[in-house]
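One structure is given here, and the rest of the page talks about it.
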Amino acid sequence: MHKGYALLLSAFLALTVGYAQENLQNPKANYQLAARFSPEKLKRLIFSTTVSPRWLKHTNRFWYTYETPAGKNWYVVDPANRRKDPLFDNADLAAQLTRIVKDPFDAQHLDIRTLTFTDDERRIRFEVNSTKDTLKSKEEREKSKNKTDSLKKKVFYLEYDLQTRQLVELADSLKPKPQLSWASFSPDTNTVIFAKNYNLFWMDRENYEKARKDEKDSTIVEHQFTTDGVQYFAWGGDDRSVTTGDEKVDEDEKNKRKRAGIIWSPDGRHFVVTRKDNRHLNALWVINNVGGKRPTLETYKYQMPGETDSTEQGLYLFDFATKQPRQINVAAFKNQTLSVWTKPQPPKRNLDDIQVNTWLGTNDRFFFARSSRDLKRIDMGTVSVDGKVSVLVEERANTYLDIRRPELINGGDEFIFWSQRDGWGHYYLYDGNGNIKNQITSGEFYCSDVAGVNEKTRTLYFVANGRESGEDPYYQHLYSINLNGSGIKLLNPGDYDHQADMDENNQFFINNYSRVNTVPQSALFNSAGQKILDLETADLSQLFAAGYQFPEPFSVKADDGITDLYGVMYKPFDFDSTKTYPLIEYVYPGPQTEAVNKAFGRSMDRIDRLAQFGFVVITVGNRGGHPARSKWYHNYGYGNLRDYGLADKKAAAEQLADRHPFIDINRVGITGHSGGGFMSTAAMLVYPDFFKVAVSGAGNHENNIYNRWWSERHHGVTERVSSKGDTTFSYAIEKNTELAGNLKGRLLLATGDIDNNVHPANTIRMAEALIKANKRFDFLLLPGQRHGFGDMTEYFFWKMGDYFCEHLLGDHKDGVDITEINREMPRKR
């Protein structure tokens, strides 16, 4: 053989073998596996995963529904007798339904809706649909202009006697109607207050019932009692304006009845409302290009960080008898935020239940809070009906503060107050004059919610995380403790994330618990922490039969080498440990939350399903993220809102690659939505040699044009008081656009064009900066979509999948049709 030819052949064989080995080691894009776990398919693979109790009014019993691959069942539980029984026999009820409705029903396919118990709790009422025509006769159907009328389903309203097991049809006139959303009922329910044309009106119950039948009834009598409300300085309602070129649209909108923010005294003699003049604030706009025959302009007031706010929120107390307001002087800080707390609402058991919004307090005084604009100062106190303002608690810090509604003991003779004053979220007991009696909870854990208070036994039931040694510190548990701080007790032990639902009498609770890698379970406990009954275990058999595998929780160190971070790793369900996979991080920076699942869930689009293309996908926390840890952890990013979480995301990827040889650290992608869209682009610009590909959805890339409340809160705003006593505010923050020149990898930016949360200008300005820096990048505009991308979410998912497959795997579909979406249109019923 010729020597030159031999060398050429050897080189060719080496290249061929190397290419073959690379193909064996690196997975190809698996679109079919990703399509197998689409949202529509998951609806047929995952059924009930939690028990949601509906407590009955007169007993401690409750009922719930639970669905499995075998169908849906209804149960009633009697905790006192440790019994769980079927609410009815499905087969027997199906037979009775078939006789009455004349449509076939069977035990597995009962589609019962709006089920409620009657007041005596001996009967249930519900609705079912039939295929019976809504038009009564052949002549009516033939005369109908709408050819689909004859296809509409009749809704049957029925009653089932739980003792006799007999089903009867009820007249439509007995069917409960929902209360109108604009109605603010007085405590005796005889009066309704609402807003219209920016002012307050009232009507009596008789006229309200007319409105429930027909809101356009010309005989309805309503009374106006404020007259100076105008757009953007209204007494209630929505100030948002949509202009189409036809001014009548605005007039119609103005004259609609709308809900007013009314908070009543318990005796109904007074009510309070807040009002602010926003006319001076600058407007913002979005244009809906696909919303109608002509594009429509939507105008709304939107204050950006650092902007001047020249008016203050006013608090007005009305005497209901006279309908006259009196403004209460609660001013303490410039541009303060004012909160008037309401009593917790009882659960809504029936469709026509009336819920009254009453203030937290007594007939004579209510509790409120005010926060400075920089949120470093918070006062909590009371306002009396005579106008007297009393400050009971003052909170001060060098970073922003959080506050929660206090829990009143004996109407406010004592109250429980939540604070992070020792660096952790804990509860404190005060007397009614604001004198602290004792700290109730203490230690290196975080209390997040009050589940109940038993005043007779002086017991607090609360939700907390981080207290149990050896567990993921984000796992929630329910605890009890005496108000003097003694006798803390864990009520639902187990190395899981627990979601507890306690009854109003604080006697029993339902415990739903799981991890991301366990099957969800539900059980009933009493308030002493004793298990009464195992209720349900989710049936995930069809999900596993489709090839699903649980993800893997992990922990790593933050970039400081000290702080523990917690995350979850999602692998392809056809994972092969002999291959290497690109790594994608799904991110959200916080600080109000972290995008890391702790319990099993059905939402898999951005994590489980993305991994099926052929990636290892991870989610992991970062310093400055979730508030449910120490105050230090939560406020780590204060003053550095662009970069604070990036080093931890990079450090987590590096540690996982060191542990797992199947992770290719040279192919790292990153994606996120909203704050995650902002963070994923920032990662590409701050660490351009590490992160190679990003898909950024609806990102707030310039936080100086995002809303004032989020940006100023989490980054900080500087308050300056001049020698004359004038107060001004200034705000400065680093932006993604400033680093556009750093881009080295592949970047896809996406936004909805009518996003009125993170305005499209954020993404458009990022695009402008990249263009001016002569960078190649990709841009996706989703027409007619707001912040969540709405009905184009599925389209965005496949575009994201294409992008990562092309630039991380080197293998993607480039045909015009996204056939995976076409196959997954929802089934017509």
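By order of appearance in the structure tokens: chains A, B, ..., then residues from 1 within every chain, and ligands from 1 in the order shown.
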
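By only C-alpha atoms, and with residues fewer than 4 positions from Phe37 of chain A along its chain excluded, the set lying at most 9 Å from it is Leu33, Lys41, Leu42, Leu45, Leu543, Ala546, Tyr548, Met604, Asp605, Asp608, Arg609 and Gln612 of chain A.
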
Pull the strand (DSSP E) assignments for segment 594-730 of chain A out of DSSP run on the backbone, and list those residues as an MDAnalysis selection string. chainID A and resid 616:620 663:673 691:697 718:721 727:730

With only C-alpha atoms as the counted atoms, please give the residues lying no more than 8 Å from segment 497-503 of chain A, apart from itself and same-chain residues fewer than 5 positions off, as number ranges by chain. A: 53, 55, 60, 451-452, 474-478, 492, 508-515, 598-599

Dump of N, CA and C atoms for the selected residues, as an mmCIF file, in the first residue's frame:
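Listed below is the output, part11.cif:
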```
data_model
loop_
_atom_site.group_PDB
_atom_site.id
_atom_site.type_symbol
_atom_site.label_atom_id
_atom_site.label_comp_id
_atom_site.auth_asym_id
_atom_site.auth_seq_id
_atom_site.Cartn_x
_atom_site.Cartn_y
_atom_site.Cartn_z
ATOM 1 N N PRO A 53 -60.092 19.508 51.854
ATOM 2 C CA PRO A 53 -61.312 19.295 52.641
ATOM 3 C C PRO A 53 -62.298 20.448 52.510
ATOM 4 N N TRP A 55 -65.022 21.630 54.916
ATOM 5 C CA TRP A 55 -65.548 21.402 56.258
ATOM 6 C C TRP A 55 -67.022 21.797 56.298
ATOM 7 N N ASN A 60 -67.596 18.710 62.859
ATOM 8 C CA ASN A 60 -66.200 18.649 62.425
ATOM 9 C C ASN A 60 -66.020 17.729 61.219
ATOM 10 N N ALA A 451 -51.816 28.899 61.657
ATOM 11 C CA ALA A 451 -52.875 27.978 61.260
ATOM 12 C C ALA A 451 -54.092 28.107 62.158
ATOM 13 N N GLY A 452 -53.910 28.600 63.377
ATOM 14 C CA GLY A 452 -55.033 28.771 64.290
ATOM 15 C C GLY A 452 -54.547 29.164 65.667
ATOM 16 N N TYR A 474 -36.338 23.745 53.726
ATOM 17 C CA TYR A 474 -37.542 24.345 53.156
ATOM 18 C C TYR A 474 -38.794 23.510 53.414
ATOM 19 N N TYR A 475 -38.650 22.288 53.890
ATOM 20 C CA TYR A 475 -39.816 21.447 54.151
ATOM 21 C C TYR A 475 -40.649 22.057 55.282
ATOM 22 N N GLN A 476 -41.931 22.238 55.017
ATOM 23 C CA GLN A 476 -42.821 22.857 56.001
ATOM 24 C C GLN A 476 -43.432 21.815 56.921
ATOM 25 N N HIS A 477 -43.675 22.236 58.163
ATOM 26 C CA HIS A 477 -44.348 21.410 59.157
ATOM 27 C C HIS A 477 -45.335 22.274 59.933
ATOM 28 N N LEU A 478 -46.272 21.586 60.596
ATOM 29 C CA LEU A 478 -47.213 22.254 61.492
ATOM 30 C C LEU A 478 -46.775 22.000 62.931
ATOM 31 N N ASN A 492 -46.804 17.094 62.618
ATOM 32 C CA ASN A 492 -46.816 16.210 61.443
ATOM 33 C C ASN A 492 -45.386 15.837 61.053
ATOM 34 N N PHE A 508 -58.755 19.440 64.254
ATOM 35 C CA PHE A 508 -58.230 18.442 63.327
ATOM 36 C C PHE A 508 -57.545 19.155 62.166
ATOM 37 N N PHE A 509 -56.672 18.425 61.478
ATOM 38 C CA PHE A 509 -56.100 18.971 60.250
ATOM 39 C C PHE A 509 -55.808 17.844 59.272
ATOM 40 N N ILE A 510 -55.915 18.186 57.998
ATOM 41 C CA ILE A 510 -55.538 17.273 56.927
ATOM 42 C C ILE A 510 -54.098 17.563 56.567
ATOM 43 N N ASN A 511 -53.298 16.529 56.470
ATOM 44 C CA ASN A 511 -51.874 16.662 56.173
ATOM 45 C C ASN A 511 -51.586 16.049 54.807
ATOM 46 N N ASN A 512 -51.246 16.891 53.830
ATOM 47 C CA ASN A 512 -50.798 16.433 52.516
ATOM 48 C C ASN A 512 -49.279 16.508 52.484
ATOM 49 N N TYR A 513 -48.623 15.413 52.134
ATOM 50 C CA TYR A 513 -47.169 15.421 52.234
ATOM 51 C C TYR A 513 -46.518 14.612 51.106
ATOM 52 N N SER A 514 -45.379 15.113 50.660
ATOM 53 C CA SER A 514 -44.581 14.410 49.659
ATOM 54 C C SER A 514 -43.244 15.116 49.533
ATOM 55 N N ARG A 515 -42.355 14.526 48.752
ATOM 56 C CA ARG A 515 -41.151 15.176 48.250
ATOM 57 C C ARG A 515 -41.217 15.113 46.728
ATOM 58 N N LYS A 598 -40.326 21.460 46.058
ATOM 59 C CA LYS A 598 -40.067 20.666 47.262
ATOM 60 C C LYS A 598 -41.011 19.474 47.373
ATOM 61 N N ALA A 599 -42.178 19.586 46.784
ATOM 62 C CA ALA A 599 -43.153 18.498 46.803
ATOM 63 C C ALA A 599 -43.413 18.041 45.374
#
```

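Here the question is which of A:Met304, A:Leu170, A:Ile403, A:Ile670 gets nearest to Phe729 of chain A using only C-alpha atoms, and that residue is A:Met304.
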
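If you count only C-alpha atoms and ignore residues fewer than 6 places along the chain from Ile818 of chain A, what sits within 12 Å of it is A:Tyr31, A:Ala35, A:Glu794, A:Tyr795, A:Phe796, A:Phe797, A:Trp798, A:Lys799, A:Gly801, A:Asp802, A:His812, A:Glu824.
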
Can you write just those residues out, N, CA and C atoms, as an mmCIF file, in the first residue's frame?
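Result went into out_23.cif, see below:
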```cif
data_model
loop_
_atom_site.group_PDB
_atom_site.id
_atom_site.type_symbol
_atom_site.label_atom_id
_atom_site.label_comp_id
_atom_site.auth_asym_id
_atom_site.auth_seq_id
_atom_site.Cartn_x
_atom_site.Cartn_y
_atom_site.Cartn_z
ATOM 1 N N TYR A 31 -37.366 14.506 20.697
ATOM 2 C CA TYR A 31 -38.627 15.259 20.672
ATOM 3 C C TYR A 31 -39.802 14.377 21.081
ATOM 4 N N ALA A 35 -42.572 15.197 23.959
ATOM 5 C CA ALA A 35 -43.992 15.314 23.614
ATOM 6 C C ALA A 35 -44.856 14.390 24.459
ATOM 7 N N GLU A 794 -47.315 26.864 25.090
ATOM 8 C CA GLU A 794 -46.851 25.620 24.490
ATOM 9 C C GLU A 794 -45.959 25.905 23.279
ATOM 10 N N TYR A 795 -46.328 26.890 22.475
ATOM 11 C CA TYR A 795 -45.477 27.264 21.339
ATOM 12 C C TYR A 795 -44.104 27.701 21.830
ATOM 13 N N PHE A 796 -44.090 28.515 22.892
ATOM 14 C CA PHE A 796 -42.811 28.979 23.432
ATOM 15 C C PHE A 796 -41.964 27.811 23.931
ATOM 16 N N PHE A 797 -42.607 26.819 24.549
ATOM 17 C CA PHE A 797 -41.842 25.662 25.037
ATOM 18 C C PHE A 797 -41.095 24.982 23.895
ATOM 19 N N TRP A 798 -41.755 24.762 22.785
ATOM 20 C CA TRP A 798 -41.107 24.058 21.679
ATOM 21 C C TRP A 798 -40.055 24.925 21.005
ATOM 22 N N LYS A 799 -40.260 26.228 20.967
ATOM 23 C CA LYS A 799 -39.211 27.113 20.459
ATOM 24 C C LYS A 799 -37.981 27.064 21.375
ATOM 25 N N GLY A 801 -37.179 24.490 23.297
ATOM 26 C CA GLY A 801 -36.572 23.192 23.073
ATOM 27 C C GLY A 801 -35.726 23.171 21.816
ATOM 28 N N ASP A 802 -36.274 23.732 20.735
ATOM 29 C CA ASP A 802 -35.500 23.820 19.488
ATOM 30 C C ASP A 802 -34.176 24.529 19.703
ATOM 31 N N HIS A 812 -31.529 19.270 15.992
ATOM 32 C CA HIS A 812 -32.851 19.818 16.251
ATOM 33 C C HIS A 812 -33.705 19.699 15.009
ATOM 34 N N GLU A 824 -51.245 17.659 20.071
ATOM 35 C CA GLU A 824 -51.629 17.809 21.464
ATOM 36 C C GLU A 824 -52.710 18.859 21.672
#
```

Within 12 Å of Gly741 of chain A, counting only C-alpha atoms, which residues show up once you throw out same-chain ones fewer than 2 positions away? Write them as a PDB file with C-alpha atoms, in the first residue's frame, please.
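Result went into selection-v4.pdb, see below:
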```pdb
ATOM      1  CA  ALA A 682     -27.363  38.445  33.059  1.00  0.00           C
ATOM      2  CA  MET A 684     -24.658  35.109  29.766  1.00  0.00           C
ATOM      3  CA  LEU A 685     -23.157  38.573  30.148  1.00  0.00           C
ATOM      4  CA  VAL A 686     -21.418  38.263  33.522  1.00  0.00           C
ATOM      5  CA  PRO A 688     -19.888  34.688  29.036  1.00  0.00           C
ATOM      6  CA  ASN A 736     -28.306  43.921  31.648  1.00  0.00           C
ATOM      7  CA  THR A 737     -28.095  46.331  28.722  1.00  0.00           C
ATOM      8  CA  GLU A 738     -24.858  47.790  30.107  1.00  0.00           C
ATOM      9  CA  LEU A 739     -23.112  44.450  29.508  1.00  0.00           C
ATOM     10  CA  LEU A 743     -22.238  38.354  24.841  1.00  0.00           C
ATOM     11  CA  LYS A 744     -20.395  35.358  23.388  1.00  0.00           C
ATOM     12  CA  GLY A 745     -22.981  32.571  23.353  1.00  0.00           C
ATOM     13  CA  MET A 766     -32.030  44.618  25.570  1.00  0.00           C
ATOM     14  CA  ALA A 767     -32.362  43.907  21.857  1.00  0.00           C
ATOM     15  CA  GLU A 768     -31.337  47.471  21.010  1.00  0.00           C
ATOM     16  CA  ALA A 769     -28.218  47.198  23.179  1.00  0.00           C
ATOM     17  CA  LEU A 770     -27.222  43.934  21.510  1.00  0.00           C
ATOM     18  CA  ILE A 771     -27.766  45.392  18.043  1.00  0.00           C
ATOM     19  CA  LYS A 772     -25.635  48.408  18.875  1.00  0.00           C
ATOM     20  CA  ALA A 773     -22.945  46.017  20.149  1.00  0.00           C
ATOM     21  CA  ASN A 774     -23.072  44.196  16.775  1.00  0.00           C
ATOM     22  CA  LYS A 775     -24.180  40.930  18.366  1.00  0.00           C
ATOM     23  CA  ARG A 776     -26.104  38.089  16.733  1.00  0.00           C
TER      24      ARG A 776
END
```

Quick one: residues within 10 Å of Arg708 of chain A, only C-alpha atoms, excluding same-chain residues fewer than 5 positions away - as a ChimeraX atom specification? /A:302-307,373,703,713,717,731
